[in-house]
file target15.pdb (PDB, C-alpha atoms)
ATOM      1  CA  MET V   1     -15.774 -78.471  26.303
ATOM      2  CA  CYS V   2     -12.291 -77.707  24.968
ATOM      3  CA  GLY V   3     -12.665 -74.107  26.121
ATOM      4  CA  TYR V   4     -13.574 -75.287  29.626
ATOM      5  CA  ARG V   5     -10.511 -77.579  29.763
ATOM      6  CA  LEU V   6      -8.250 -74.725  28.638
ATOM      7  CA  LEU V   7      -9.649 -72.473  31.370
ATOM      8  CA  VAL V   8      -8.999 -75.136  34.017
ATOM      9  CA  ILE V   9      -5.415 -75.620  32.791
ATOM     10  CA  VAL V  10      -4.744 -71.845  32.843
ATOM     11  CA  CYS V  11      -6.130 -71.557  36.390
ATOM     12  CA  MET V  12      -3.950 -74.461  37.523
ATOM     13  CA  LEU V  13      -0.842 -72.873  36.001
ATOM     14  CA  LEU V  14      -1.603 -69.516  37.607
ATOM     15  CA  SER V  15      -2.096 -71.234  40.950
ATOM     16  CA  VAL V  16       1.247 -73.006  40.576
ATOM     17  CA  ASN V  17       2.961 -69.708  39.680
ATOM     18  CA  VAL V  18       1.505 -67.937  42.733
ATOM     19  CA  ARG V  19       2.574 -70.795  45.017
ATOM     20  CA  ALA V  20       6.025 -70.804  43.413
ATOM     21  CA  GLU V  21       6.411 -67.041  43.994
ATOM     22  CA  GLN V  22       5.292 -67.410  47.598
ATOM     23  CA  ALA V  23       7.746 -70.279  48.077
ATOM     24  CA  TRP V  24      10.588 -67.914  47.231
ATOM     25  CA  ILE V  25       9.502 -65.484  49.972
ATOM     26  CA  PRO V  26      11.387 -66.290  53.189
ATOM     27  CA  LYS V  27       9.364 -66.821  56.334
ATOM     28  CA  THR V  28      10.104 -63.561  58.093
ATOM     29  CA  PRO V  29       7.930 -60.902  59.798
ATOM     30  CA  MET V  30       7.770 -59.208  56.362
ATOM     31  CA  GLN V  31       6.377 -62.257  54.528
ATOM     32  CA  GLU V  32       2.737 -61.117  54.467
ATOM     33  CA  THR V  33       3.806 -57.665  53.272
ATOM     34  CA  TYR V  34       5.760 -59.106  50.346
ATOM     35  CA  GLN V  35       2.908 -61.447  49.416
ATOM     36  CA  ALA V  36       0.410 -58.574  49.348
ATOM     37  CA  LEU V  37       2.699 -56.592  47.045
ATOM     38  CA  LEU V  38       3.115 -59.621  44.758
ATOM     39  CA  ALA V  39      -0.651 -59.799  44.560
ATOM     40  CA  ASP V  40      -0.753 -56.106  43.545
ATOM     41  CA  ARG V  41      -2.529 -55.074  46.752
ATOM     42  CA  PRO V  42      -0.414 -52.171  48.047
ATOM     43  CA  THR V  43      -2.996 -50.979  50.591
ATOM     44  CA  VAL V  44      -3.074 -54.453  52.154
ATOM     45  CA  ALA V  45       0.738 -54.511  52.071
ATOM     46  CA  TRP V  46       0.697 -51.219  53.984
ATOM     47  CA  GLN V  47      -1.442 -52.672  56.768
ATOM     48  CA  GLU V  48       0.775 -55.756  56.910
ATOM     49  CA  LEU V  49       3.855 -53.547  57.130
ATOM     50  CA  ILE V  50       2.339 -51.566  60.014
ATOM     51  CA  PHE V  51       1.533 -54.835  61.795
ATOM     52  CA  ALA V  52       5.015 -56.282  61.225
ATOM     53  CA  LEU V  53       6.811 -53.161  62.482
ATOM     54  CA  SER V  54       4.504 -52.958  65.499
ATOM     55  CA  GLN V  55       5.298 -56.512  66.586
ATOM     56  CA  GLN V  56       9.091 -56.304  66.826
ATOM     57  CA  PRO V  57      12.036 -54.077  65.882
ATOM     58  CA  ILE V  58      13.070 -54.570  62.250
ATOM     59  CA  PRO V  59      16.168 -52.812  60.821
ATOM     60  CA  THR V  60      15.212 -49.925  58.555
ATOM     61  CA  GLU V  61      17.138 -51.354  55.600
ATOM     62  CA  HIS V  62      14.808 -54.373  55.642
ATOM     63  CA  TRP V  63      11.636 -52.324  55.128
ATOM     64  CA  ALA V  64      12.579 -48.893  53.706
ATOM     65  CA  LYS V  65      12.497 -50.021  50.049
ATOM     66  CA  ILE V  66       9.177 -51.802  50.421
ATOM     67  CA  LYS V  67       7.666 -48.702  52.009
ATOM     68  CA  HIS V  68       9.094 -46.678  49.101
ATOM     69  CA  ALA V  69       7.369 -49.067  46.654
ATOM     70  CA  ILE V  70       4.017 -48.893  48.467
ATOM     71  CA  ILE V  71       4.076 -45.085  48.587
ATOM     72  CA  ASN V  72       4.977 -44.997  44.891
ATOM     73  CA  GLN V  73       2.110 -47.326  43.923
ATOM     74  CA  THR V  74      -0.506 -45.348  45.865
ATOM     75  CA  ASP V  75      -0.086 -41.860  44.355
ATOM     76  CA  CYS V  76       2.542 -40.794  46.889
ATOM     77  CA  GLY V  77       0.504 -42.460  49.636
ATOM     78  CA  GLN V  78      -2.701 -40.515  48.996
ATOM     79  CA  GLN V  79      -4.595 -43.684  48.028
ATOM     80  CA  LEU V  80      -3.823 -45.455  51.268
ATOM     81  CA  THR V  81      -7.083 -46.199  53.032
ATOM     82  CA  GLU V  82      -5.752 -45.596  56.526
ATOM     83  CA  PRO V  83      -5.811 -42.914  57.706
ATOM     84  CA  ASN V  84      -8.834 -42.130  55.499
ATOM     85  CA  GLY V  85      -9.488 -38.523  56.454
ATOM     86  CA  LYS V  86     -12.162 -39.088  59.107
ATOM     87  CA  ASP V  87     -11.900 -36.347  61.744
ATOM     88  CA  ILE V  88      -8.512 -35.262  60.377
ATOM     89  CA  PRO V  89      -8.064 -31.450  60.351
ATOM     90  CA  GLN V  90      -7.403 -29.835  56.998
ATOM     91  CA  GLY V  91      -3.735 -29.657  56.040
ATOM     92  CA  LEU V  92      -2.588 -31.903  58.877
ATOM     93  CA  THR V  93       1.186 -32.327  58.584
ATOM     94  CA  VAL V  94       3.662 -34.139  60.799
ATOM     95  CA  SER V  95       7.242 -32.903  60.285
ATOM     96  CA  PHE V  96      10.426 -34.602  61.440
ATOM     97  CA  VAL V  97      13.192 -32.004  61.613
ATOM     98  CA  ARG V  98      16.950 -32.211  62.074
ATOM     99  CA  ARG V  99      18.679 -28.936  62.984
ATOM    100  CA  ALA V 100      22.408 -28.373  62.529
ATOM    101  CA  GLY V 101      24.804 -25.446  62.783
ATOM    102  CA  ALA V 102      26.512 -23.511  65.538
ATOM    103  CA  SER V 103      23.309 -21.912  66.834
ATOM    104  CA  SER V 104      21.012 -24.937  66.692
ATOM    105  CA  LEU V 105      21.649 -28.646  67.180
ATOM    106  CA  GLY V 106      19.246 -31.511  67.669
ATOM    107  CA  TYR V 107      15.920 -32.807  66.428
ATOM    108  CA  GLU V 108      12.313 -31.687  66.590
ATOM    109  CA  ILE V 109       8.906 -33.054  65.666
ATOM    110  CA  LYS V 110       6.159 -30.655  64.635
ATOM    111  CA  LEU V 111       2.463 -31.106  63.936
ATOM    112  CA  SER V 112       0.548 -28.426  62.061
ATOM    113  CA  ALA V 113      -2.945 -27.883  60.672
ATOM    114  CA  GLU V 114      -4.697 -25.167  58.689
ATOM    115  CA  HIS V 115      -8.296 -25.658  59.773
ATOM    116  CA  VAL V 116      -9.555 -27.276  62.964
ATOM    117  CA  SER V 117     -13.325 -27.473  63.390
ATOM    118  CA  ARG V 118     -13.224 -28.277  67.117
ATOM    119  CA  SER V 119     -10.615 -28.354  69.872
ATOM    120  CA  THR V 120      -8.811 -31.682  69.742
ATOM    121  CA  LEU V 121      -6.288 -33.344  72.027
ATOM    122  CA  VAL V 122      -3.323 -34.502  69.934
ATOM    123  CA  THR V 123      -0.936 -37.191  71.172
ATOM    124  CA  LEU V 124       2.018 -38.549  69.215
ATOM    125  CA  THR V 125       4.135 -41.426  70.525
ATOM    126  CA  ASP V 126       7.369 -42.738  69.011
ATOM    127  CA  PRO V 127       8.263 -46.380  68.230
ATOM    128  CA  LYS V 128       9.524 -46.810  71.812
ATOM    129  CA  GLY V 129       6.156 -45.741  73.203
ATOM    130  CA  GLN V 130       7.424 -42.382  74.468
ATOM    131  CA  THR V 131       5.089 -39.401  74.088
ATOM    132  CA  VAL V 132       6.711 -36.648  72.029
ATOM    133  CA  ILE V 133       3.673 -34.365  71.602
ATOM    134  CA  SER V 134       0.584 -34.066  73.800
ATOM    135  CA  GLU V 135      -1.221 -30.768  73.286
ATOM    136  CA  ILE V 136      -4.506 -29.253  72.172
ATOM    137  CA  LEU V 137      -5.210 -28.112  68.628
ATOM    138  CA  GLY V 138      -7.598 -25.220  69.121
ATOM    139  CA  ALA V 139     -10.763 -24.692  67.102
ATOM    140  CA  GLN V 140      -9.720 -22.085  64.526
ATOM    141  CA  THR V 141      -9.449 -21.620  60.771
ATOM    142  CA  GLY V 142      -5.895 -20.291  60.648
ATOM    143  CA  PHE V 143      -2.570 -22.093  60.663
ATOM    144  CA  GLN V 144      -1.372 -23.480  63.986
ATOM    145  CA  GLU V 145       1.542 -25.630  65.026
ATOM    146  CA  LEU V 146       2.468 -27.911  67.930
ATOM    147  CA  GLU V 147       6.105 -28.686  68.701
ATOM    148  CA  SER V 148       7.875 -31.430  70.626
ATOM    149  CA  GLY V 149      10.605 -29.064  71.725
ATOM    150  CA  GLN V 150      14.260 -29.843  71.081
ATOM    151  CA  LEU V 151      15.155 -33.532  71.074
ATOM    152  CA  PHE V 152      18.789 -34.498  71.555
ATOM    153  CA  THR V 153      18.476 -38.069  70.301
ATOM    154  CA  GLN V 154      18.002 -39.324  66.755
ATOM    155  CA  VAL V 155      14.442 -39.466  65.398
ATOM    156  CA  ASP V 156      13.743 -43.194  65.538
ATOM    157  CA  PRO V 157      12.434 -44.921  62.399
ATOM    158  CA  GLY V 158       9.364 -47.124  62.782
ATOM    159  CA  VAL V 159       5.675 -46.782  63.638
ATOM    160  CA  TYR V 160       4.496 -43.560  65.287
ATOM    161  CA  GLU V 161       1.046 -43.626  66.855
ATOM    162  CA  LEU V 162      -1.063 -40.497  66.388
ATOM    163  CA  ARG V 163      -4.248 -39.902  68.362
ATOM    164  CA  LEU V 164      -6.658 -37.115  67.466
ATOM    165  CA  GLY V 165      -9.368 -37.078  70.091
ATOM    166  CA  GLY V 166     -10.890 -40.554  69.893
ATOM    167  CA  GLN V 167      -9.308 -41.465  66.529
ATOM    168  CA  HIS V 168      -6.071 -43.414  66.169
ATOM    169  CA  TYR V 169      -3.668 -43.513  63.209
ATOM    170  CA  SER V 170      -0.388 -45.358  62.630
ATOM    171  CA  LEU V 171       2.373 -43.613  60.650
ATOM    172  CA  ILE V 172       5.419 -45.406  59.241
ATOM    173  CA  VAL V 173       8.357 -43.016  59.500
ATOM    174  CA  TYR V 174      11.796 -43.376  57.912
ATOM    175  CA  GLY V 175      13.501 -41.251  60.526
ATOM    176  CA  LEU V 176      16.347 -39.017  59.378
ATOM    177  CA  PRO V 177      19.544 -40.599  57.984
ATOM    178  CA  ARG V 178      22.823 -40.145  59.830
ATOM    179  CA  ARG V 179      24.434 -38.856  56.649
ATOM    180  CA  PRO V 180      23.364 -35.193  56.289
ATOM    181  CA  TRP V 181      21.625 -33.945  53.167
ATOM    182  CA  VAL V 182      23.285 -30.524  53.440
ATOM    183  CA  LYS V 183      26.715 -29.710  54.849
ATOM    184  CA  LEU V 184      28.975 -26.648  55.129
ATOM    185  CA  ILE V 185      32.541 -27.117  53.834
ATOM    186  CA  GLY V 186      35.603 -25.051  52.972
ATOM    187  CA  HIS V 187      37.541 -22.235  54.621
ATOM    188  CA  PRO V 188      37.634 -19.307  54.160
ATOM    189  CA  ASP V 189      35.529 -19.599  50.976
ATOM    190  CA  GLN V 190      32.674 -21.654  52.311
ATOM    191  CA  GLN V 191      30.359 -23.755  50.204
ATOM    192  CA  LEU V 192      27.496 -26.126  50.725
ATOM    193  CA  THR V 193      27.351 -29.720  49.648
ATOM    194  CA  VAL V 194      23.771 -30.736  48.929
ATOM    195  CA  ASP V 195      22.789 -34.371  48.550
ATOM    196  CA  LEU V 196      19.065 -34.571  47.863
ATOM    197  CA  PRO V 197      17.394 -37.835  48.896
ATOM    198  CA  ASN V 198      15.653 -39.933  46.256
ATOM    199  CA  THR V 199      11.855 -39.960  46.468
ATOM    200  CA  PRO V 200       9.147 -42.153  44.879
ATOM    201  CA  THR V 201       8.385 -41.017  41.334
ATOM    202  CA  SER V 202       4.734 -40.420  42.287
ATOM    203  CA  CYS V 203       5.861 -37.864  44.893
ATOM    204  CA  ALA V 204       7.294 -34.399  44.407
ATOM    205  CA  PRO V 205      11.108 -34.533  44.253
ATOM    206  CA  ALA V 206      13.111 -33.420  47.269
ATOM    207  CA  ALA V 207      13.799 -29.678  47.318
ATOM    208  CA  ALA V 208      16.439 -27.361  48.758
ATOM    209  CA  TYR V 209      16.143 -23.657  49.503
ATOM    210  CA  TRP V 210      17.656 -20.691  51.337
ATOM    211  CA  LEU V 211      15.648 -19.176  54.181
ATOM    212  CA  CYS V 212      16.301 -15.678  55.528
ATOM    213  CA  VAL V 213      14.739 -14.495  58.805
ATOM    214  CA  ASP V 214      15.114 -11.363  60.932
ATOM    215  CA  ASP V 215      16.497 -11.013  64.464
ATOM    216  CA  ALA V 216      13.169 -12.291  65.881
ATOM    217  CA  TYR V 217      13.277 -15.282  63.503
ATOM    218  CA  ARG V 218      10.384 -13.934  61.427
ATOM    219  CA  TRP V 219      10.282 -15.026  57.796
ATOM    220  CA  ILE V 220      11.740 -12.560  55.269
ATOM    221  CA  GLU V 221      12.537 -14.504  52.111
ATOM    222  CA  GLN V 222      12.750 -18.043  50.771
ATOM    223  CA  THR V 223      14.538 -18.837  47.502
ATOM    224  CA  PRO V 224      15.332 -22.180  45.819
ATOM    225  CA  ILE V 225      18.753 -23.804  45.748
ATOM    226  CA  TYR V 226      19.069 -25.213  42.242
ATOM    227  CA  VAL V 227      20.244 -28.806  42.526
ATOM    228  CA  THR V 228      18.726 -32.053  41.267
ATOM    229  CA  SER V 229      17.963 -35.295  43.084
ATOM    230  CA  SER V 230      20.907 -37.679  43.236
ATOM    231  CA  GLU V 231      21.003 -40.407  40.585
ATOM    232  CA  GLU V 232      23.488 -43.131  39.716
ATOM    233  CA  ASN V 233      25.116 -41.135  36.909
ATOM    234  CA  THR V 234      25.103 -37.791  38.717
ATOM    235  CA  PRO V 235      28.011 -36.691  40.935
ATOM    236  CA  SER V 236      26.789 -36.465  44.500
ATOM    237  CA  PRO V 237      26.764 -34.429  46.603
ATOM    238  CA  MET V 238      26.581 -31.184  44.581
ATOM    239  CA  LYS V 239      28.578 -28.106  45.649
ATOM    240  CA  VAL V 240      26.766 -24.784  45.973
ATOM    241  CA  SER V 241      28.154 -21.346  46.834
ATOM    242  CA  LEU V 242      26.547 -19.359  49.621
ATOM    243  CA  PRO V 243      24.496 -16.358  48.428
ATOM    244  CA  VAL V 244      26.424 -13.074  48.467
ATOM    245  CA  LYS V 245      23.450 -10.707  48.647
ATOM    246  CA  ARG V 246      20.766 -10.932  51.268
ATOM    247  CA  PRO V 247      17.511  -8.994  51.876
ATOM    248  CA  ALA V 248      17.598  -6.015  54.208
ATOM    249  CA  LYS V 249      17.029  -6.845  57.895
ATOM    250  CA  SER V 250      17.954 -10.484  57.413
ATOM    251  CA  GLU V 251      19.918 -11.635  60.448
ATOM    252  CA  HIS V 252      19.888 -15.414  60.060
ATOM    253  CA  LEU V 253      20.382 -17.642  57.032
ATOM    254  CA  SER V 254      19.553 -21.337  56.769
ATOM    255  CA  ALA V 255      19.808 -23.968  54.062
ATOM    256  CA  ILE V 256      16.880 -26.367  54.119
ATOM    257  CA  VAL V 257      16.334 -29.711  52.401
ATOM    258  CA  THR V 258      12.899 -31.271  52.549
ATOM    259  CA  HIS V 259      10.747 -33.982  51.028
ATOM    260  CA  PHE V 260       7.327 -35.341  51.883
ATOM    261  CA  GLU V 261       4.830 -38.128  51.334
ATOM    262  CA  TYR V 262       1.214 -38.737  52.279
ATOM    263  CA  GLN V 263      -0.115 -41.476  54.478
ATOM    264  CA  GLY V 264      -3.779 -41.266  53.626
ATOM    265  CA  ALA V 265      -4.959 -37.755  54.501
ATOM    266  CA  ILE V 266      -1.889 -36.971  56.613
ATOM    267  CA  LYS V 267       1.206 -35.346  55.135
ATOM    268  CA  VAL V 268       4.530 -36.592  56.524
ATOM    269  CA  ASN V 269       7.417 -34.192  56.033
ATOM    270  CA  TYR V 270      11.165 -34.816  56.476
ATOM    271  CA  VAL V 271      13.292 -31.707  56.976
ATOM    272  CA  GLU V 272      16.954 -30.889  57.520
ATOM    273  CA  ARG V 273      17.779 -27.300  58.475
ATOM    274  CA  LEU V 274      21.377 -26.049  58.557
ATOM    275  CA  ALA V 275      22.037 -22.661  60.171
ATOM    276  CA  LEU V 276      24.682 -20.765  58.187
ATOM    277  CA  PRO V 277      26.997 -17.885  59.093
ATOM    278  CA  LEU V 278      26.384 -14.526  57.490
ATOM    279  CA  PRO V 279      29.300 -13.204  55.402
ATOM    280  CA  GLU V 280      31.473 -10.503  57.005
ATOM    281  CA  ALA V 281      30.288  -7.928  54.466
ATOM    282  CA  HIS V 282      26.714  -8.417  55.616
ATOM    283  CA  LYS V 283      27.320  -8.203  59.371
ATOM    284  CA  LYS V 284      26.692  -4.918  61.091
TER
END
call {"tool": "encode", "arguments": {"input": "target15.pdb", "output": "structure tokens"}}
result
Amino acid sequence: MCGYRLLVIVCMLLSVNVRAEQAWIPKTPMQETYQALLADRPTVAWQELIFALSQQPIPTEHWAKIKHAIINQTDCGQQLTEPNGKDIPQGLTVSFVRRAGASSLGYEIKLSAEHVSRSTLVTLTDPKGQTVISEILGAQTGFQELESGQLFTQVDPGVYELRLGGQHYSLIVYGLPRRPWVKLIGHPDQQLTVDLPNTPTSCAPAAAYWLCVDDAYRWIEQTPIYVTSSEENTPSPMKVSLPVKRPAKSEHLSAIVTHFEYQGAIKVNYVERLALPLPEAHKK
């Protein structure tokens, strides 16, 4: 009998604590998302976040950290139940790209896959409802890529709607920050400043690398830029000298910063690509 009374008292106290925690949560469009996270239900919080962002515009700073927490608690997003992999081509990746430099300015969205079992119409719409990609992924085993073409406006943060044939998936996208991750400074001795974005600890850290291509923009060589993710006690951004030696036939050099997450079976990639001048000694 005493044991039963103790159990009742514990349950009552837990109930009071839950109600007290919920009382501290302000009544905003994000309320259900916060409550799901408090209850240690990150996949439910994800669905609530999608719903909240789909109902009305919410400033990125109000939801970016909670998305970061959900991704971190779900093995970099791989444990999210939606999208769950049904009818999703192998290696499906959606990349949000910012291009900078004298030869290339603007934004681009790419969708790629490594194995498509049957031809599929792919449609991607942005948070404003505008279609940015609407093309066919052909039935083939090799790598293929669809591109939005050059966009001259900022990649909007929010919910992107992806349709693959008859299937529909919602993706929560950070967008690309106005502050660049990689920047060219100095004259005449030019250097890069690299400011890697922080990523959830369950994800791979952001990475930076040099990319050399030939005059037809075919890949020649990719090598890492050795910097570490920014932290509170680390000076940021880091300065890096441009490489002096380059492979033969390389005509274009870029510095690239990238990081990614998963949203279920879909990989979401964020990329900044800065086109760099070749040194005078390397020019023909």
call {"tool": "residues_near_point", "arguments": {"input": "target15.pdb", "point": "(2.7, -53.3, 63.4)", "cutoff": "12 Å", "atoms": "all atoms listed in the file", "output": "compact mmCIF listing (two decimals) with C-alpha atoms, in the coordinates of the input"}}
result
# COMPACT_ATOMS: atom_id res chain seq x y z
CA PRO V 29 7.93 -60.90 59.80
CA MET V 30 7.77 -59.21 56.36
CA GLU V 32 2.74 -61.12 54.47
CA THR V 33 3.81 -57.66 53.27
CA ALA V 45 0.74 -54.51 52.07
CA TRP V 46 0.70 -51.22 53.98
CA GLN V 47 -1.44 -52.67 56.77
CA GLU V 48 0.78 -55.76 56.91
CA LEU V 49 3.86 -53.55 57.13
CA ILE V 50 2.34 -51.57 60.01
CA PHE V 51 1.53 -54.84 61.80
CA ALA V 52 5.01 -56.28 61.22
CA LEU V 53 6.81 -53.16 62.48
CA SER V 54 4.50 -52.96 65.50
CA GLN V 55 5.30 -56.51 66.59
CA GLN V 56 9.09 -56.30 66.83
CA PRO V 57 12.04 -54.08 65.88
CA ILE V 58 13.07 -54.57 62.25
CA PRO V 127 8.26 -46.38 68.23
CA GLY V 158 9.36 -47.12 62.78
CA VAL V 159 5.68 -46.78 63.64
CA TYR V 160 4.50 -43.56 65.29
CA GLU V 161 1.05 -43.63 66.86
CA TYR V 169 -3.67 -43.51 63.21
CA SER V 170 -0.39 -45.36 62.63
CA LEU V 171 2.37 -43.61 60.65
CA ILE V 172 5.42 -45.41 59.24
call {"tool": "atom_distance", "arguments": {"input": "target15.pdb", "atom1": "atom CA of Arg98 of chain V", "atom2": "atom CA of Arg218 of chain V"}}
result
19.4 Å
call {"tool": "resolve_selection", "arguments": {"input": "target15.pdb", "expression": "the PyMOL selection byres ((chain V and resi 110-121) around 9)", "output": "JSON list (two decimals) with C-alpha atoms, keeping the file's coordinate frame"}}
result
[["chain", "number", "residue", "atom", "x", "y", "z"],
["V", 88, "ILE", "CA", -8.51, -35.26, 60.38],
["V", 89, "PRO", "CA", -8.06, -31.45, 60.35],
["V", 90, "GLN", "CA", -7.40, -29.84, 57.00],
["V", 91, "GLY", "CA", -3.74, -29.66, 56.04],
["V", 92, "LEU", "CA", -2.59, -31.90, 58.88],
["V", 93, "THR", "CA", 1.19, -32.33, 58.58],
["V", 94, "VAL", "CA", 3.66, -34.14, 60.80],
["V", 95, "SER", "CA", 7.24, -32.90, 60.28],
["V", 96, "PHE", "CA", 10.43, -34.60, 61.44],
["V", 97, "VAL", "CA", 13.19, -32.00, 61.61],
["V", 108, "GLU", "CA", 12.31, -31.69, 66.59],
["V", 109, "ILE", "CA", 8.91, -33.05, 65.67],
["V", 122, "VAL", "CA", -3.32, -34.50, 69.93],
["V", 123, "THR", "CA", -0.94, -37.19, 71.17],
["V", 133, "ILE", "CA", 3.67, -34.36, 71.60],
["V", 134, "SER", "CA", 0.58, -34.07, 73.80],
["V", 135, "GLU", "CA", -1.22, -30.77, 73.29],
["V", 136, "ILE", "CA", -4.51, -29.25, 72.17],
["V", 137, "LEU", "CA", -5.21, -28.11, 68.63],
["V", 138, "GLY", "CA", -7.60, -25.22, 69.12],
["V", 139, "ALA", "CA", -10.76, -24.69, 67.10],
["V", 140, "GLN", "CA", -9.72, -22.08, 64.53],
["V", 141, "THR", "CA", -9.45, -21.62, 60.77],
["V", 142, "GLY", "CA", -5.90, -20.29, 60.65],
["V", 143, "PHE", "CA", -2.57, -22.09, 60.66],
["V", 144, "GLN", "CA", -1.37, -23.48, 63.99],
["V", 145, "GLU", "CA", 1.54, -25.63, 65.03],
["V", 146, "LEU", "CA", 2.47, -27.91, 67.93],
["V", 147, "GLU", "CA", 6.10, -28.69, 68.70],
["V", 148, "SER", "CA", 7.88, -31.43, 70.63],
["V", 149, "GLY", "CA", 10.60, -29.06, 71.72],
["V", 163, "ARG", "CA", -4.25, -39.90, 68.36],
["V", 164, "LEU", "CA", -6.66, -37.12, 67.47],
["V", 165, "GLY", "CA", -9.37, -37.08, 70.09],
["V", 166, "GLY", "CA", -10.89, -40.55, 69.89]]
call {"tool": "atom_distance", "arguments": {"input": "target15.pdb", "atom1": "atom CA of Leu274 of chain V", "atom2": "atom CA of Lys183 of chain V"}}
result
7.5 Å
call {"tool": "closest_residue", "arguments": {"input": "target15.pdb", "among": "V:Ala265, V:Ile225, V:Cys203, V:Leu151", "to": "Ile71 of chain V", "atoms": "all atoms listed in the file"}}
result
V:Cys203
